[in-house]
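Structure file data_36.csv (CSV, C-alpha atoms and all ligand atoms) follows.
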```csv
chain,number,residue,atom,x,y,z
A,20,THR,CA,0.0,0.0,0.0
A,21,ARG,CA,1.3,3.4,-0.9
A,22,ILE,CA,-0.1,6.8,0.1
A,23,LEU,CA,0.0,9.5,-2.6
A,24,ARG,CA,-0.7,13.2,-2.2
A,25,VAL,CA,-3.0,14.0,-5.2
A,26,LYS,CA,-4.5,17.4,-5.9
A,27,ASP,CA,-7.7,16.1,-7.7
A,28,PRO,CA,-8.2,12.4,-7.0
A,29,ALA,CA,-11.2,12.2,-9.4
A,30,LYS,CA,-8.9,13.2,-12.3
A,31,LEU,CA,-6.1,10.8,-11.4
A,32,LYS,CA,-4.7,9.1,-14.6
A,33,LEU,CA,-2.5,6.0,-14.9
A,34,GLU,CA,0.3,8.2,-16.2
A,35,ASP,CA,0.1,10.2,-13.0
A,36,LEU,CA,1.1,7.2,-10.9
A,37,PRO,CA,4.8,6.9,-10.0
A,38,GLU,CA,6.9,3.8,-10.6
A,39,TRP,CA,7.8,2.0,-7.4
A,40,GLY,CA,10.2,-0.7,-6.5
A,41,TYR,CA,10.7,-3.7,-4.2
A,42,ASP,CA,13.2,-6.3,-3.0
A,43,GLY,CA,13.4,-8.9,-5.7
A,44,SER,CA,15.4,-11.3,-3.6
A,45,SER,CA,12.5,-11.7,-1.2
A,46,THR,CA,10.4,-13.0,-4.1
A,47,TYR,CA,13.1,-15.2,-5.7
A,48,GLN,CA,13.3,-12.8,-8.6
A,49,ALA,CA,16.8,-11.5,-8.0
A,50,ALA,CA,20.0,-12.2,-6.1
A,51,GLY,CA,20.5,-10.3,-2.8
A,52,GLY,CA,23.5,-8.3,-4.1
A,53,ASP,CA,21.5,-6.7,-6.9
A,54,SER,CA,17.9,-7.0,-5.9
A,55,ASP,CA,16.1,-3.7,-6.8
A,56,LEU,CA,13.2,-4.4,-9.2
A,57,THR,CA,10.8,-1.8,-10.7
A,58,LEU,CA,7.0,-1.8,-10.6
A,59,LYS,CA,5.5,0.0,-13.6
A,60,PRO,CA,1.8,0.8,-13.3
A,61,VAL,CA,-0.1,-0.6,-16.3
A,62,PHE,CA,-3.8,-0.8,-15.1
A,63,LYS,CA,-5.7,1.0,-12.4
A,64,THR,CA,-9.2,0.8,-11.0
A,65,ASN,CA,-11.0,2.0,-7.9
A,66,ASP,CA,-10.4,-0.1,-4.8
A,67,PRO,CA,-13.7,-1.6,-3.6
A,68,VAL,CA,-12.2,-2.9,-0.4
A,69,ARG,CA,-10.7,0.3,0.9
A,70,GLY,CA,-13.2,2.6,-0.8
A,71,GLY,CA,-13.0,6.4,-0.9
A,72,ASN,CA,-10.3,7.7,-3.3
A,73,ALA,CA,-8.3,4.5,-3.1
A,74,VAL,CA,-7.2,2.7,-6.3
A,75,ILE,CA,-5.8,-0.7,-7.0
A,76,VAL,CA,-2.8,-0.5,-9.4
A,77,LEU,CA,-1.6,-3.5,-11.4
A,78,CYS,CA,2.1,-3.3,-12.3
A,79,GLU,CA,4.6,-4.9,-14.6
A,80,VAL,CA,7.9,-6.0,-13.1
A,81,MET,CA,10.9,-4.4,-14.9
A,82,HIS,CA,14.6,-4.4,-14.4
A,83,PRO,CA,15.9,-1.0,-13.3
A,84,ASP,CA,17.2,-0.5,-16.9
A,85,GLY,CA,13.6,-0.8,-18.2
A,86,ARG,CA,13.8,-4.3,-19.6
A,87,PRO,CA,10.9,-6.5,-18.6
A,88,HIS,CA,11.8,-9.1,-15.9
A,89,GLU,CA,11.9,-12.7,-17.1
A,90,THR,CA,8.8,-13.5,-15.0
A,91,ASN,CA,6.9,-10.6,-16.6
A,92,HIS,CA,4.5,-12.6,-18.9
A,93,ARG,CA,2.4,-9.6,-19.5
A,94,ALA,CA,5.3,-8.1,-21.5
A,95,LYS,CA,5.5,-11.3,-23.5
A,96,LEU,CA,1.8,-11.1,-24.3
A,97,ARG,CA,2.3,-7.5,-25.5
A,98,GLU,CA,5.1,-8.7,-27.8
A,99,VAL,CA,2.9,-11.4,-29.3
A,100,LEU,CA,0.2,-8.8,-29.9
A,101,GLU,CA,2.7,-6.4,-31.5
A,102,LYS,CA,4.1,-9.2,-33.7
A,103,GLY,CA,0.7,-9.4,-35.5
A,104,ALA,CA,-1.8,-11.1,-33.2
A,105,ALA,CA,-3.5,-7.8,-32.5
A,106,LYS,CA,-4.7,-7.7,-36.1
A,107,GLN,CA,-6.9,-10.7,-35.3
A,108,ASP,CA,-8.8,-8.7,-32.6
A,109,ALA,CA,-9.0,-11.7,-30.2
A,110,TRP,CA,-11.6,-11.7,-27.4
A,111,PHE,CA,-11.2,-13.8,-24.3
A,112,GLY,CA,-13.4,-15.2,-21.5
A,113,PHE,CA,-11.9,-17.1,-18.5
A,114,GLU,CA,-13.8,-19.4,-16.2
A,115,GLN,CA,-11.8,-19.3,-13.0
A,116,GLU,CA,-12.6,-22.2,-10.7
A,117,TYR,CA,-11.3,-22.2,-7.1
A,118,THR,CA,-11.7,-23.9,-3.7
A,119,PHE,CA,-12.3,-22.4,-0.3
A,120,PHE,CA,-10.3,-23.9,2.6
A,121,GLN,CA,-10.5,-23.6,6.3
A,122,ASP,CA,-8.4,-25.6,8.7
A,123,LYS,CA,-6.9,-27.5,5.9
A,124,THR,CA,-10.3,-28.9,4.7
A,125,PRO,CA,-12.5,-27.5,1.9
A,126,LEU,CA,-15.1,-25.2,3.4
A,127,GLY,CA,-18.2,-27.0,4.6
A,128,TRP,CA,-16.5,-30.4,4.7
A,129,PRO,CA,-16.6,-32.5,7.9
A,130,THR,CA,-13.3,-32.3,9.9
A,131,SER,CA,-12.8,-36.0,9.4
A,132,GLY,CA,-14.2,-38.1,6.6
A,133,TYR,CA,-15.9,-36.9,3.4
A,134,PRO,CA,-19.2,-35.1,2.5
A,135,ALA,CA,-21.8,-36.8,0.4
A,136,PRO,CA,-20.7,-37.7,-3.2
A,137,GLN,CA,-20.7,-35.0,-5.9
A,138,GLY,CA,-24.1,-34.3,-7.4
A,139,PRO,CA,-26.1,-31.8,-5.4
A,140,PHE,CA,-23.5,-29.1,-5.2
A,141,TYR,CA,-23.2,-27.7,-8.8
A,142,CYS,CA,-25.2,-24.4,-9.1
A,143,SER,CA,-26.7,-25.2,-5.7
A,144,VAL,CA,-28.5,-23.1,-3.1
A,145,GLY,CA,-29.0,-23.9,0.6
A,146,ALA,CA,-26.8,-24.1,3.6
A,147,ASN,CA,-26.4,-27.9,3.4
A,148,VAL,CA,-24.8,-27.7,-0.1
A,149,ALA,CA,-23.5,-24.2,-0.9
A,150,HIS,CA,-20.5,-23.3,1.3
A,151,GLY,CA,-19.0,-19.8,1.2
A,152,ARG,CA,-21.7,-17.8,-0.5
A,153,THR,CA,-21.0,-14.7,1.7
A,154,ILE,CA,-17.6,-14.4,0.2
A,155,VAL,CA,-18.8,-15.1,-3.3
A,156,GLU,CA,-21.4,-12.4,-3.2
A,157,ARG,CA,-19.0,-9.8,-1.6
A,158,HIS,CA,-16.5,-10.7,-4.4
A,159,THR,CA,-19.1,-10.2,-7.0
A,160,ASP,CA,-20.0,-6.8,-5.6
A,161,ALA,CA,-16.3,-5.9,-5.4
A,162,CYS,CA,-15.6,-6.9,-9.1
A,163,LEU,CA,-18.6,-4.8,-10.2
A,164,GLU,CA,-17.6,-1.8,-8.1
A,165,ALA,CA,-14.1,-2.1,-9.6
A,166,GLY,CA,-15.6,-2.1,-13.1
A,167,LEU,CA,-14.1,-5.6,-13.9
A,168,LEU,CA,-15.5,-7.6,-16.8
A,169,LEU,CA,-17.3,-10.1,-14.5
A,170,PHE,CA,-19.5,-12.4,-16.6
A,171,GLY,CA,-21.1,-14.5,-13.8
A,172,THR,CA,-20.5,-16.9,-11.0
A,173,ASN,CA,-21.6,-20.5,-10.0
A,174,ALA,CA,-21.2,-23.0,-7.3
A,175,GLU,CA,-19.1,-26.0,-8.6
A,176,VAL,CA,-19.4,-29.8,-8.7
A,177,MET,CA,-17.2,-30.3,-5.6
A,178,PRO,CA,-18.6,-28.9,-2.4
A,179,GLY,CA,-16.6,-25.8,-1.3
A,180,GLN,CA,-15.6,-25.1,-5.0
A,181,TRP,CA,-16.9,-22.1,-7.0
A,182,GLU,CA,-16.3,-20.4,-10.3
A,183,PHE,CA,-16.4,-16.9,-11.6
A,184,GLN,CA,-16.0,-15.8,-15.2
A,185,ILE,CA,-14.2,-12.7,-16.6
A,186,GLY,CA,-14.3,-11.6,-20.2
A,187,TYR,CA,-16.7,-11.0,-23.1
A,188,ARG,CA,-20.2,-10.3,-21.9
A,189,GLY,CA,-22.1,-10.0,-25.2
A,190,ASP,CA,-21.6,-6.2,-25.4
A,191,THR,CA,-19.3,-5.3,-28.3
A,192,SER,CA,-18.8,-1.8,-26.9
A,193,GLU,CA,-16.7,-3.3,-24.1
A,194,GLU,CA,-12.9,-3.7,-24.7
A,195,VAL,CA,-12.2,-7.4,-24.2
A,196,ASN,CA,-8.7,-7.7,-25.7
A,197,PRO,CA,-6.3,-10.3,-24.1
A,198,LEU,CA,-4.5,-7.7,-22.0
A,199,VAL,CA,-7.7,-6.3,-20.6
A,200,CYS,CA,-9.2,-9.7,-19.8
A,201,SER,CA,-6.0,-10.9,-18.2
A,202,ASP,CA,-5.6,-7.8,-16.1
A,203,HIS,CA,-9.2,-8.0,-14.9
A,204,LEU,CA,-8.7,-11.7,-14.0
A,205,TRP,CA,-5.6,-10.9,-12.1
A,206,VAL,CA,-7.2,-8.2,-10.1
A,207,ALA,CA,-10.3,-10.4,-9.5
A,208,ARG,CA,-8.1,-13.2,-8.1
A,209,TRP,CA,-6.4,-10.7,-5.8
A,210,LEU,CA,-9.8,-9.4,-4.6
A,211,LEU,CA,-11.0,-12.9,-3.9
A,212,HIS,CA,-8.0,-13.7,-1.7
A,213,ARG,CA,-8.4,-10.3,0.0
A,214,ILE,CA,-12.1,-10.6,0.8
A,215,ALA,CA,-11.8,-14.3,1.9
A,216,GLU,CA,-8.9,-13.3,4.2
A,217,ASP,CA,-11.3,-11.1,6.2
A,218,GLN,CA,-13.5,-14.2,6.8
A,219,GLY,CA,-10.5,-16.4,7.8
A,220,VAL,CA,-10.9,-18.4,4.6
A,221,GLU,CA,-8.1,-19.5,2.3
A,222,VAL,CA,-8.6,-19.5,-1.5
A,223,SER,CA,-6.9,-22.3,-3.3
A,224,PHE,CA,-6.2,-22.3,-7.1
A,225,ALA,CA,-4.8,-25.8,-6.9
A,226,ASN,CA,-5.6,-27.9,-10.0
A,227,LYS,CA,-6.5,-30.9,-7.9
A,228,PRO,CA,-7.1,-29.7,-4.4
A,229,ILE,CA,-8.6,-33.1,-3.2
A,230,LYS,CA,-7.3,-36.4,-4.7
A,231,GLY,CA,-9.8,-39.1,-5.6
A,232,ASP,CA,-13.3,-38.9,-7.0
A,233,TRP,CA,-13.6,-35.1,-6.8
A,234,ASN,CA,-13.5,-32.6,-9.6
A,235,GLY,CA,-10.3,-30.6,-10.1
A,236,ALA,CA,-10.3,-26.9,-10.7
A,237,GLY,CA,-9.7,-25.4,-14.1
A,238,MET,CA,-9.5,-22.1,-16.0
A,239,HIS,CA,-11.3,-22.9,-19.2
A,240,THR,CA,-10.3,-20.3,-21.7
A,241,ASN,CA,-12.9,-19.2,-24.3
A,242,PHE,CA,-11.6,-17.2,-27.2
A,243,SER,CA,-12.4,-15.9,-30.6
A,244,THR,CA,-10.6,-14.1,-33.4
A,245,SER,CA,-12.3,-11.8,-35.9
A,246,ASP,CA,-12.3,-14.7,-38.5
A,247,ILE,CA,-13.8,-17.1,-35.9
A,248,ARG,CA,-16.6,-14.6,-35.3
A,249,ASP,CA,-17.2,-14.0,-39.0
A,250,LYS,CA,-20.4,-15.5,-40.4
A,251,LYS,CA,-18.7,-16.6,-43.7
A,252,LYS,CA,-15.1,-17.4,-42.5
A,253,GLY,CA,-16.2,-18.8,-39.1
A,254,MET,CA,-16.3,-22.6,-39.6
A,255,GLY,CA,-13.0,-22.6,-41.7
A,256,ALA,CA,-11.3,-20.5,-39.1
A,257,ILE,CA,-12.5,-22.8,-36.3
A,258,GLU,CA,-11.1,-25.8,-38.1
A,259,ASN,CA,-7.8,-24.1,-38.7
A,260,ALA,CA,-7.5,-23.0,-35.1
A,261,ILE,CA,-8.2,-26.5,-33.8
A,262,ALA,CA,-5.6,-28.0,-36.2
A,263,ALA,CA,-3.0,-25.4,-35.1
A,264,LEU,CA,-3.8,-26.2,-31.4
A,265,ALA,CA,-3.5,-29.9,-32.0
A,266,ASN,CA,0.0,-29.4,-33.5
A,267,LYS,CA,1.2,-27.6,-30.4
A,268,HIS,CA,-0.6,-29.7,-27.7
A,269,GLU,CA,2.6,-30.4,-25.7
A,270,GLU,CA,3.7,-26.8,-25.8
A,271,HIS,CA,0.4,-25.7,-24.5
A,272,ILE,CA,0.2,-28.3,-21.7
A,273,ALA,CA,3.7,-27.2,-20.6
A,274,ILE,CA,2.4,-23.8,-19.6
A,275,TYR,CA,-1.2,-24.5,-18.7
A,276,GLY,CA,-0.5,-24.7,-14.9
A,277,ALA,CA,1.3,-26.6,-12.1
A,278,GLY,CA,0.1,-30.1,-11.3
A,279,LEU,CA,-2.0,-30.3,-14.4
A,280,ALA,CA,-1.6,-34.1,-14.9
A,281,GLU,CA,-3.5,-34.7,-11.7
A,282,ARG,CA,-6.5,-32.8,-13.1
A,283,LEU,CA,-6.4,-33.9,-16.8
A,284,THR,CA,-7.0,-37.6,-16.2
A,285,GLY,CA,-9.9,-38.2,-18.7
A,286,ASP,CA,-12.4,-38.3,-15.8
A,287,HIS,CA,-14.3,-35.5,-14.2
A,288,GLU,CA,-15.1,-33.6,-17.4
A,289,THR,CA,-11.5,-33.5,-18.7
A,290,CYS,CA,-9.6,-35.0,-21.6
A,291,ASN,CA,-6.5,-37.1,-20.7
A,292,ILE,CA,-3.3,-34.9,-20.7
A,293,GLU,CA,-1.7,-37.2,-23.3
A,294,GLN,CA,-4.6,-36.8,-25.8
A,295,PHE,CA,-5.9,-33.9,-27.9
A,296,ARG,CA,-9.5,-34.2,-28.9
A,297,HIS,CA,-12.1,-31.6,-30.0
A,298,GLY,CA,-15.9,-32.0,-30.0
A,299,VAL,CA,-19.2,-30.2,-30.2
A,300,ALA,CA,-20.7,-29.8,-26.7
A,301,ASP,CA,-18.2,-32.3,-25.5
A,302,ARG,CA,-17.0,-31.7,-21.9
A,303,GLY,CA,-14.6,-34.6,-22.2
A,304,ALA,CA,-12.7,-32.9,-25.0
A,305,SER,CA,-9.6,-30.7,-25.0
A,306,ILE,CA,-11.4,-28.1,-27.1
A,307,ARG,CA,-15.2,-27.8,-26.9
A,308,ILE,CA,-17.2,-26.2,-29.7
A,309,PRO,CA,-20.3,-24.9,-27.9
A,310,ILE,CA,-23.5,-26.3,-29.5
A,311,HIS,CA,-24.8,-22.8,-30.6
A,312,VAL,CA,-21.4,-22.1,-32.3
A,313,SER,CA,-21.7,-25.4,-34.2
A,314,GLN,CA,-25.3,-24.6,-35.2
A,315,ASN,CA,-24.4,-21.0,-36.3
A,316,GLY,CA,-21.1,-21.9,-38.0
A,317,TYR,CA,-19.2,-19.1,-36.2
A,318,GLY,CA,-18.6,-17.7,-32.7
A,319,TYR,CA,-15.9,-18.9,-30.3
A,320,LEU,CA,-14.0,-22.0,-28.9
A,321,GLU,CA,-13.4,-23.2,-25.4
A,322,ASP,CA,-9.9,-24.5,-24.5
A,323,ARG,CA,-10.7,-26.7,-21.5
A,324,ARG,CA,-7.1,-27.6,-20.7
A,325,PRO,CA,-5.8,-24.6,-18.6
A,326,GLY,CA,-5.7,-25.3,-14.9
A,327,ALA,CA,-7.0,-23.0,-12.2
A,328,ASN,CA,-3.5,-21.9,-11.3
A,329,ALA,CA,-2.5,-21.1,-15.0
A,330,ASN,CA,-1.1,-17.6,-15.8
A,331,PRO,CA,-3.7,-15.9,-18.1
A,332,TYR,CA,-1.0,-13.8,-19.8
A,333,GLU,CA,0.9,-17.0,-20.7
A,334,VAL,CA,-2.3,-18.8,-21.8
A,335,CYS,CA,-3.4,-16.0,-24.1
A,336,ALA,CA,0.1,-15.6,-25.6
A,337,LYS,CA,0.3,-19.3,-26.3
A,338,ILE,CA,-3.1,-19.5,-27.9
A,339,LEU,CA,-2.5,-16.5,-30.0
A,340,MET,CA,0.9,-17.7,-31.1
A,341,SER,CA,-0.6,-21.1,-32.2
A,342,VAL,CA,-3.8,-19.8,-33.8
A,343,CYS,CA,-2.2,-16.7,-35.5
A,344,GLY,CA,1.0,-18.5,-36.4
A,345,ILE,CA,3.5,-16.3,-34.6
A,346,ASP,CA,6.9,-17.6,-33.5
B,401,LIG,P1,-19.4,-23.1,-19.5
B,401,LIG,O1,-20.7,-23.5,-20.2
B,401,LIG,O2,-18.2,-23.7,-20.2
B,401,LIG,O3,-19.5,-23.3,-18.1
B,401,LIG,P2,-19.6,-20.3,-18.9
B,401,LIG,O4,-21.0,-19.9,-19.0
B,401,LIG,O5,-19.0,-20.5,-17.5
B,401,LIG,O6,-19.3,-21.5,-19.8
B,401,LIG,O7,-18.6,-19.1,-19.5
B,401,LIG,C1,-18.7,-18.7,-20.8
B,401,LIG,C2,-17.5,-17.9,-21.2
B,401,LIG,O8,-17.4,-17.7,-22.6
B,401,LIG,C3,-17.4,-16.5,-20.5
B,401,LIG,O9,-16.2,-16.4,-19.9
B,401,LIG,C4,-17.5,-15.6,-21.7
B,401,LIG,O10,-16.8,-14.4,-21.5
B,401,LIG,C5,-16.9,-16.4,-22.8
B,401,LIG,N1,-17.4,-16.0,-24.2
B,401,LIG,C6,-18.6,-16.0,-24.7
B,401,LIG,N2,-18.6,-15.6,-26.0
B,401,LIG,C7,-17.3,-15.4,-26.3
B,401,LIG,C8,-16.7,-15.0,-27.6
B,401,LIG,N3,-17.3,-14.7,-28.7
B,401,LIG,N4,-15.3,-14.9,-27.5
B,401,LIG,C9,-14.6,-15.2,-26.4
B,401,LIG,N5,-15.2,-15.6,-25.2
B,401,LIG,C10,-16.5,-15.7,-25.2
B,402,MN,MN,-18.3,-22.3,-16.5
B,403,MN,MN,-16.8,-24.9,-14.2
B,404,MN,MN,-16.3,-24.2,-19.3
```

What is this file in C-alpha cells?
Amino acid sequence: TRILRVKDPAKLKLEDLPEWGYDGSSTYQAAGGDSDLTLKPVFKTNDPVRGGNAVIVLCEVMHPDGRPHETNHRAKLREVLEKGAAKQDAWFGFEQEYTFFQDKTPLGWPTSGYPAPQGPFYCSVGANVAHGRTIVERHTDACLEAGLLLFGTNAEVMPGQWEFQIGYRGDTSEEVNPLVCSDHLWVARWLLHRIAEDQGVEVSFANKPIKGDWNGAGMHTNFSTSDIRDKKKGMGAIENAIAALANKHEEHIAIYGAGLAERLTGDHETCNIEQFRHGVADRGASIRIPIHVSQNGYGYLEDRRPGANANPYEVCAKILMSVCGID
C-alpha cells in the first residue's frame, strides 16, 4: 500500500502514478547483491475494499534499466500482440474455478471423513450444499464496483468449490482484448484472496485440491478471433484454429498450470493430458465447440485444458501464437 498526495483524485490518470520498487530477492526474482526491481503501473481501478479515493494499481515488473523481468509474462503477451496477433482482434473469456479452505479442509467439509458424493452441489442453493456464499457475493459486488468484466458466478461440482468468469459479456462496446481480460482476471483473483482473508478463509487455485473422485479446478479459456466470429469465414477459421492447437498440444500443456496431470485424467469432465480431442458440446474434449457455435457456424472456442493456477497472460500468448501462427 502506498499513500500519494494528489490534488484532484477524481482526475487521477494511470500516467500520474509513479513507478515504485521492491526487493526482488524476497520473491526469488533477483539475487541479494543486486535486488532492486521496478514496478511499472499498467492498469488501475478503484479499490472496492478500501473505498474512498483508493485505487488498485496493477504493475509490470521491470529491471531498473527498463527491460521486462523474465517473470513478466504480460510483457511477452504485449510482444505477441505487436508481432501481429492484435490484427486478429481476439476476445477472451476465462472461467476461474477455485476452492475455499478452512483448517486444511474444503469449506463445509466435515473435519474427518468426506461429504456426500458429488451431485447436489453444482449451481446449488442452501446451507447444506452451498458453502462460502457470503464471500462469493462480496467478491461479485467488489468486481462490479471495480468495473471488472465479471460475466457471472456459479457453485461448482465439488462442495466448497466455486467459479467466476471474466471476459466478453455480449456487449461489443466493451474492450475485451487479451491484456484487458488478463488484467481483470488478475485483479479479480487478488480481490477474492483479500475478501476471503477477512473471513479467515483461504482460496486455493490448486488444480486438484482433493485427490480421488472429486472434480479438479480449471481455468477454461474461451476465445475468438475476428475470423472465428465472422459468419462466412467462421467454420473454416475454427477448423484451422483446432488444427494449429492440435499441432502444439505439448507446448500448451507445458504452460497450462502446475500439477495439471492430476487434473487432466480423462475423468471429471476432462480429456487425458496425453490426448488432444475436440468435439461439439463435449466436456470430455480438450477443445469444446459450444453447441450454438456449431449450429451458427461461427462464434468462439473453449480450451478446457488450462488449470485454475495457470497464468492468463501466458495462456493468451500461447493460444495467439498457435492460432495466429506467430513464433
Ligand atoms: P461453460 O458452459 O463452459 O461453463 P460459462 O458460462 O461458465 O461456460 O462461461 C462462458 C465464457 O465464454 C465466458 O467467460 C464468456 O466471457 C466467454 N465467451 C462467450 N462468447 C465469447 C466470444 N465470442 N469470444 C470469447 N469468449 C466468449
Ligand atoms: Mn463455466
Ligand atoms: Mn466450471
Ligand atoms: Mn467451461

task = Output the neighbourhood of ligand LIG 401 (chain B) as a ChimeraX atom specification, that is, all protein and nucleic acid residues with some atom at most 6 Å from the ligand, counting all atoms listed in the file.
result = /A:110-114,170,184-188,241-243,318-319

task = Around ligand MN 403 (chain B), at most 8 Å away and counting all atoms listed in the file, which residues are there? Put them as a list in words, please.
result =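 The residues near ligand MN 403 (chain B) are Glu114, Gln115, Glu116, Asn173, Glu175, Val176, Trp181, Glu182, Ala236, Gly237 and His239 of chain A.
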
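Considering the residues A:Tyr141, A:Ala263, A:Glu333, A:Val206 and counting only C-alpha atoms and all ligand atoms, ligand MN 402 (chain B) has its shortest atom-to-atom contact with A:Tyr141.
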
If you take all atoms listed in the file and a cut-off of 9 Å, which residues of stretch 29-115 of chain A touch stretch 147-165 of chain A, and what are their nearest atom pairs and distances in Å to one decimal, in chain and number order, as CSV?
```
residue,atom,partner,partner_atom,distance
A:Thr64,CA,A:Ala165,CA,5.9
A:Asn65,CA,A:Ala165,CA,5.4
A:Asp66,CA,A:Ala165,CA,6.4
A:Pro67,CA,A:Ala161,CA,5.3
A:Val68,CA,A:Ala161,CA,7.1
A:Ile75,CA,A:Ala165,CA,8.8
```

request  = Counting all atoms listed in the file, figure out which residue out of A:Leu96, A:Val76, A:Leu279, A:Ala174 gets nearest to ligand MN 402 (chain B).
outcome  =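 Of A:Leu96, A:Val76, A:Leu279, A:Ala174, the one nearest ligand MN 402 (chain B), counting all atoms listed in the file, is A:Ala174.
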
key: Residue contacts of A:Ala277 (9 Å, all atoms listed in the file) excluding same-chain residues fewer than 3 positions away, as a count of residues only   = 8

inquiry  = Using only C-alpha atoms for the distances, tell me which of A:Ala146, A:Ala73, A:Leu168, A:Ala49 is nearest to A:Val25.
reply    =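 Checking each of A:Ala146, A:Ala73, A:Leu168, A:Ala49 against A:Val25, counting only C-alpha atoms, the winner is A:Ala73.
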
ask   = Please, what distance in Å, to one decimal, runs between atom CA of A:Pro197 and atom CA of A:Pro325?
value = 15.3 Å

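Minimum atom-to-atom distance to ligand MN 402 (chain B), evaluated using all atoms listed in the file, belongs to A:Thr172 out of A:Val199, A:Ala256, A:His82, A:Thr172.
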
request  = Might you pull out every residue within 12 Å of A:Asp84, with all atoms listed in the file counted and same-chain residues fewer than 4 positions away left off, and present them as a list in words?
outcome  =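 Contacts, with the query itself left out: Asp55, Leu56, Thr57, Val80 and His88 of chain A.
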